[in-house]
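Pasting upload.cif here (mmCIF, C-alpha atoms):
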```
data_coords
loop_
_atom_site.label_atom_id
_atom_site.label_comp_id
_atom_site.auth_asym_id
_atom_site.auth_seq_id
_atom_site.Cartn_x
_atom_site.Cartn_y
_atom_site.Cartn_z
CA MET A 1 176.01 -8.14 -35.57
CA PRO A 2 173.59 -6.06 -33.48
CA THR A 3 170.46 -4.71 -35.12
CA LEU A 4 169.07 -1.19 -35.42
CA ASP A 5 165.32 -0.78 -35.66
CA ILE A 6 163.11 2.31 -35.66
CA CYS A 7 159.80 2.73 -33.88
CA PHE A 8 157.95 5.53 -35.65
CA SER A 9 155.70 6.39 -32.69
CA PRO A 10 155.43 5.54 -28.98
CA GLU A 11 152.01 4.07 -29.83
CA LEU A 12 153.87 1.28 -31.65
CA LEU A 13 156.17 0.40 -28.74
CA PRO A 14 154.02 -2.58 -27.65
CA LEU A 15 155.17 -4.23 -30.90
CA PHE A 16 158.82 -4.03 -29.80
CA ASN A 17 160.55 -6.09 -27.14
CA LEU A 18 162.93 -3.59 -25.54
CA GLN A 19 164.45 -6.05 -23.08
CA GLY A 20 168.15 -6.43 -23.73
CA ARG A 21 168.09 -3.48 -26.13
CA VAL A 22 169.12 0.15 -26.05
CA ALA A 23 166.34 2.66 -26.65
CA VAL A 24 167.44 5.91 -28.27
CA VAL A 25 164.61 8.33 -27.58
CA VAL A 26 164.43 11.23 -30.00
CA ASP A 27 162.22 14.30 -30.15
CA ILE A 28 164.16 16.60 -32.46
CA LEU A 29 161.66 19.47 -32.23
CA ARG A 30 162.40 20.05 -29.48
CA ALA A 31 162.58 18.08 -26.23
CA THR A 32 165.64 15.91 -26.74
CA SER A 33 167.51 18.75 -28.46
CA SER A 34 166.81 20.90 -25.40
CA ILE A 35 167.90 18.16 -23.00
CA VAL A 36 171.20 17.70 -24.84
CA THR A 37 171.77 21.46 -24.86
CA ALA A 38 170.89 21.76 -21.17
CA LEU A 39 173.50 19.21 -20.11
CA ALA A 40 176.08 20.72 -22.45
CA GLN A 41 175.48 24.08 -20.73
CA GLY A 42 176.12 22.71 -17.24
CA VAL A 43 172.71 21.54 -15.99
CA THR A 44 173.46 18.79 -13.46
CA HIS A 45 170.51 16.57 -14.35
CA LEU A 46 166.92 16.66 -15.56
CA VAL A 47 163.87 14.84 -14.23
CA PRO A 48 161.20 14.22 -16.88
CA PHE A 49 157.52 14.28 -15.97
CA SER A 50 154.40 13.38 -17.88
CA GLU A 51 152.13 15.75 -15.95
CA LEU A 52 152.50 19.51 -15.79
CA ASP A 53 151.52 19.85 -12.12
CA ASP A 54 154.14 17.28 -11.08
CA CYS A 55 156.78 19.25 -12.95
CA ARG A 56 155.77 22.58 -11.41
CA ALA A 57 155.82 21.05 -7.92
CA MET A 58 159.57 20.40 -8.22
CA ALA A 59 160.24 24.13 -7.86
CA ALA A 60 159.73 23.65 -4.13
CA GLN A 61 162.78 21.34 -4.16
CA GLY A 62 164.96 23.93 -5.85
CA TYR A 63 164.54 22.72 -9.43
CA LEU A 64 164.19 24.97 -12.42
CA THR A 65 160.98 24.03 -14.22
CA ALA A 66 160.68 23.64 -17.99
CA ALA A 67 157.34 22.87 -19.58
CA GLU A 68 155.64 22.96 -22.96
CA ARG A 69 152.19 22.09 -24.22
CA ASP A 70 151.23 22.26 -27.89
CA GLY A 71 154.49 24.01 -28.73
CA ARG A 72 154.13 26.87 -26.25
CA GLN A 73 155.78 27.47 -22.88
CA ALA A 74 153.40 26.58 -20.09
CA GLU A 75 152.40 29.10 -17.46
CA SER A 76 154.22 29.45 -14.13
CA VAL A 77 157.47 27.75 -15.18
CA ASP A 78 161.02 29.02 -15.70
CA LEU A 79 161.71 27.68 -19.18
CA GLY A 80 159.90 26.39 -22.23
CA ASN A 81 161.03 23.73 -24.69
CA SER A 82 163.56 25.72 -26.71
CA PRO A 83 167.28 24.94 -26.56
CA PHE A 84 167.86 28.70 -26.57
CA GLY A 85 166.40 28.83 -23.06
CA TYR A 86 169.66 27.17 -21.95
CA LEU A 87 171.84 29.36 -24.16
CA ASP A 88 170.55 32.91 -23.88
CA GLY A 89 171.51 33.45 -20.24
CA VAL A 90 168.16 34.94 -19.24
CA VAL A 91 167.70 32.08 -16.76
CA PRO A 92 171.06 30.95 -15.32
CA VAL A 93 171.22 27.17 -15.66
CA ARG A 94 174.76 26.08 -14.87
CA GLY A 95 174.85 23.95 -11.75
CA ARG A 96 171.06 23.73 -11.57
CA ALA A 97 168.73 20.74 -11.89
CA VAL A 98 165.70 20.93 -14.18
CA ALA A 99 162.27 19.32 -14.00
CA ILE A 100 160.87 19.03 -17.52
CA THR A 101 157.62 18.04 -19.18
CA THR A 102 156.72 18.23 -22.89
CA THR A 103 153.89 17.12 -25.13
CA ASN A 104 155.76 14.18 -26.67
CA GLY A 105 159.36 13.69 -25.62
CA THR A 106 159.07 13.08 -21.89
CA ARG A 107 156.23 10.62 -22.52
CA ALA A 108 158.43 8.64 -24.92
CA LEU A 109 161.18 8.46 -22.30
CA HIS A 110 158.86 6.92 -19.71
CA LEU A 111 157.33 4.49 -22.22
CA SER A 112 160.82 3.15 -23.02
CA ALA A 113 161.45 2.02 -19.44
CA ALA A 114 161.79 -1.68 -20.34
CA ALA A 115 165.03 -1.09 -22.28
CA ASP A 116 168.42 -2.01 -20.83
CA GLU A 117 169.59 1.54 -21.44
CA ILE A 118 167.73 4.70 -22.45
CA VAL A 119 169.79 7.21 -24.39
CA VAL A 120 168.61 10.70 -25.35
CA GLY A 121 169.41 11.42 -28.99
CA ALA A 122 169.40 14.51 -31.17
CA PHE A 123 171.19 15.70 -34.27
CA LEU A 124 173.15 17.92 -31.89
CA ASN A 125 174.87 14.85 -30.35
CA ILE A 126 174.38 12.22 -33.05
CA GLY A 127 178.07 11.39 -33.39
CA ALA A 128 178.52 10.91 -29.65
CA VAL A 129 175.41 8.71 -29.53
CA ALA A 130 176.70 6.59 -32.42
CA ASP A 131 180.06 6.12 -30.66
CA TYR A 132 178.32 5.08 -27.44
CA LEU A 133 176.13 2.55 -29.25
CA ARG A 134 179.21 1.04 -30.85
CA GLN A 135 180.74 0.65 -27.38
CA LEU A 136 177.63 -1.02 -25.99
CA GLY A 137 177.29 -3.40 -28.94
CA LYS A 138 173.62 -4.13 -28.18
CA ASP A 139 170.53 -4.14 -30.38
CA VAL A 140 169.09 -0.64 -30.74
CA VAL A 141 165.57 0.70 -31.13
CA VAL A 142 165.23 4.37 -32.05
CA VAL A 143 162.03 5.54 -30.36
CA CYS A 144 160.58 8.50 -32.26
CA ALA A 145 158.48 10.70 -29.98
CA GLY A 146 156.32 11.82 -32.90
CA TRP A 147 153.49 14.28 -32.41
CA LYS A 148 150.64 13.19 -30.14
CA GLY A 149 151.11 9.57 -31.18
CA ASN A 150 151.49 10.25 -34.88
CA PHE A 151 154.46 9.80 -37.20
CA CYS A 152 156.65 12.86 -37.67
CA LEU A 153 159.27 13.51 -40.29
CA GLU A 154 162.10 15.04 -38.27
CA ASP A 155 162.41 12.20 -35.72
CA THR A 156 162.42 9.61 -38.49
CA LEU A 157 165.12 11.57 -40.32
CA PHE A 158 167.27 11.30 -37.21
CA GLY A 159 166.73 7.54 -37.23
CA GLY A 160 167.90 7.41 -40.84
CA ALA A 161 170.93 9.57 -40.14
CA LEU A 162 171.91 7.40 -37.17
CA ALA A 163 171.44 4.23 -39.23
CA ALA A 164 173.64 5.68 -41.97
CA ARG A 165 176.42 6.28 -39.44
CA LEU A 166 176.16 2.78 -37.98
CA GLN A 167 175.74 0.69 -41.14
CA ALA A 168 179.23 -0.77 -40.90
CA GLU A 169 178.74 -2.10 -37.35
CA PHE A 170 174.97 -2.70 -37.13
CA ASN A 171 172.44 -4.52 -39.26
CA ALA A 172 170.51 -1.43 -40.33
CA THR A 173 168.69 -3.05 -43.25
CA GLY A 174 166.78 -5.75 -41.41
CA SER A 175 163.50 -3.87 -41.07
CA ASP A 176 161.38 -1.86 -43.46
CA SER A 177 161.14 1.00 -40.96
CA THR A 178 164.91 1.45 -40.92
CA LEU A 179 165.13 1.15 -44.70
CA ALA A 180 162.44 3.81 -45.05
CA ALA A 181 164.24 6.12 -42.63
CA LEU A 182 167.51 5.65 -44.53
CA ASP A 183 165.79 6.53 -47.80
CA LEU A 184 164.27 9.65 -46.24
CA TRP A 185 167.65 10.70 -44.88
CA GLN A 186 169.33 10.22 -48.25
CA ALA A 187 166.69 12.45 -49.82
CA ALA A 188 166.99 15.10 -47.11
CA GLN A 189 170.75 15.09 -46.50
CA PRO A 190 171.78 17.70 -49.10
CA ASP A 191 169.67 20.34 -47.30
CA ALA A 192 167.84 18.99 -44.28
CA ALA A 193 166.48 22.42 -43.30
CA ALA A 194 164.82 22.90 -46.68
CA TYR A 195 163.54 19.32 -46.65
CA LEU A 196 161.96 19.78 -43.23
CA LEU A 197 159.99 22.80 -44.38
CA LYS A 198 157.52 20.13 -45.55
CA SER A 199 157.11 18.89 -41.98
CA SER A 200 153.86 19.67 -40.18
CA HIS A 201 155.75 20.32 -36.93
CA VAL A 202 158.11 22.76 -38.62
CA ARG A 203 155.11 24.63 -40.00
CA ARG A 204 153.68 24.60 -36.46
CA LEU A 205 156.91 26.05 -35.05
CA ASN A 206 157.08 28.68 -37.76
CA HIS A 207 153.57 29.72 -36.80
CA LEU A 208 154.89 30.12 -33.25
CA GLU A 209 157.82 32.17 -34.59
CA ALA A 210 160.30 29.47 -33.55
CA HIS A 211 161.98 28.90 -36.92
CA LYS A 212 165.44 29.50 -35.41
CA ASP A 213 164.81 26.51 -33.13
CA MET A 214 164.45 24.20 -36.14
CA GLU A 215 167.61 25.53 -37.75
CA PHE A 216 169.54 24.96 -34.53
CA CYS A 217 168.05 21.54 -33.77
CA ILE A 218 169.18 20.03 -37.07
CA ARG A 219 172.83 20.97 -36.59
CA GLN A 220 174.94 17.85 -36.31
CA ASP A 221 177.65 17.14 -33.75
CA GLU A 222 177.43 20.38 -31.80
CA TYR A 223 177.91 18.56 -28.49
CA GLY A 224 179.70 15.48 -27.21
CA VAL A 225 177.32 14.73 -24.33
CA VAL A 226 175.36 11.48 -24.22
CA PRO A 227 172.39 11.83 -21.86
CA VAL A 228 171.13 8.62 -20.29
CA PHE A 229 167.88 8.16 -18.39
CA ARG A 230 168.38 6.06 -15.28
CA GLU A 231 166.49 5.83 -12.01
CA GLY A 232 164.29 8.76 -12.88
CA LYS A 233 167.09 11.16 -13.83
CA ILE A 234 168.67 12.22 -17.13
CA GLN A 235 172.39 12.77 -16.72
CA SER A 236 175.36 12.93 -19.03
CA ARG A 237 177.48 9.80 -19.06
CA ILE A 238 180.57 11.92 -19.72
#
```
Could you write out this structure as structure tokens?
Amino acid sequence: MPTLDICFSPELLPLFNLQGRVAVVVDILRATSSIVTALAQGVTHLVPFSELDDCRAMAAQGYLTAAERDGRQAESVDLGNSPFGYLDGVVPVRGRAVAITTTNGTRALHLSAAADEIVVGAFLNIGAVADYLRQLGKDVVVVCAGWKGNFCLEDTLFGGALAARLQAEFNATGSDSTLAALDLWQAAQPDAAAYLLKSSHVRRLNHLEAHKDMEFCIRQDEYGVVPVFREGKIQSRI
């Protein structure tokens, strides 16, 4: 039976051997939620960057640019880090490619490069991700992007929710991190939005008047896309 483990922060990745495993990178608020939404809305692919200048430079190649630092949209780019940027129609996205950089999520994607497969996860596509992991049948590490290297509640809740869905097919009780995430999810599940009001990142978003982003990003099974990060590009496998 394959295993499911959870890495609470990219800073802990050196403790995990990703070879032969699937990394599910998650940054619920908001990078991976935005990536899932972008592909669901017809973006052809996304290229993640760690550095802001590298992202901006892709505009010369016809890319839309999406960038965030400390929760705010960066200057001189087309989009920020909100899924509503791909939904509100202000910037037409269908058929376009996007270069993206964020404080935490894009960094976690690059740090997971040793994995056999890198999947982009969010509550918005959690069911599709679970189905894909069942098909692959490989050991899984959920890589929580966290906040500037620190633990964050919402990414760990996703890990618990994914573990709960996969308990029948995966050994999801073999590590204390997964057990802790499962316990958190069981506590939060009756009203995840209310539970996440405790989260420091949710308080940060509320300060930025982005509360609607949190409410959207914790919806489950909105989309059936499964983004995978291969050869420098994030594309839907569907």
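Point (166.5, 9.2, -48.0) has the following residues at most 12 Å away: Leu153, Thr156, Leu157, Phe158, Gly159, Gly160, Ala161, Ala163, Ala164, Thr178, Leu179, Ala180, Ala181, Leu182, Asp183, Leu184, Trp185, Gln186, Ala187, Ala188, Gln189, Pro190, Asp191, Ala192 and Tyr195 of chain A (atoms considered: only C-alpha atoms).
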For a cutoff of 12 Å around the file-coordinate point (160.0, -1.2, -18.1), which residues qualify once you count all atoms listed in the file? I'd like the result as an NGL selection string. :A and (13-14 or 17-21 or 23 or 109-118 or 230-231)
A straight line from atom CA of A:Leu87 to atom CA of A:Gln220 spans 17.0 Å
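Atom CA of A:Ala74 to atom CA of A:Thr103 spans 10.7 Å [interatomic distance, one decimal].
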A straight line from atom CA of A:Arg94 to atom CA of A:Leu162 spans 29.2 Å
Find the residues around stretch 133-144 of chain A up to 6 Å (only C-alpha atoms counted), leave out those fewer than 5 positions away in its own chain, and share them as a PyMOL selection string.
chain A and resi 2-9+21-26+155
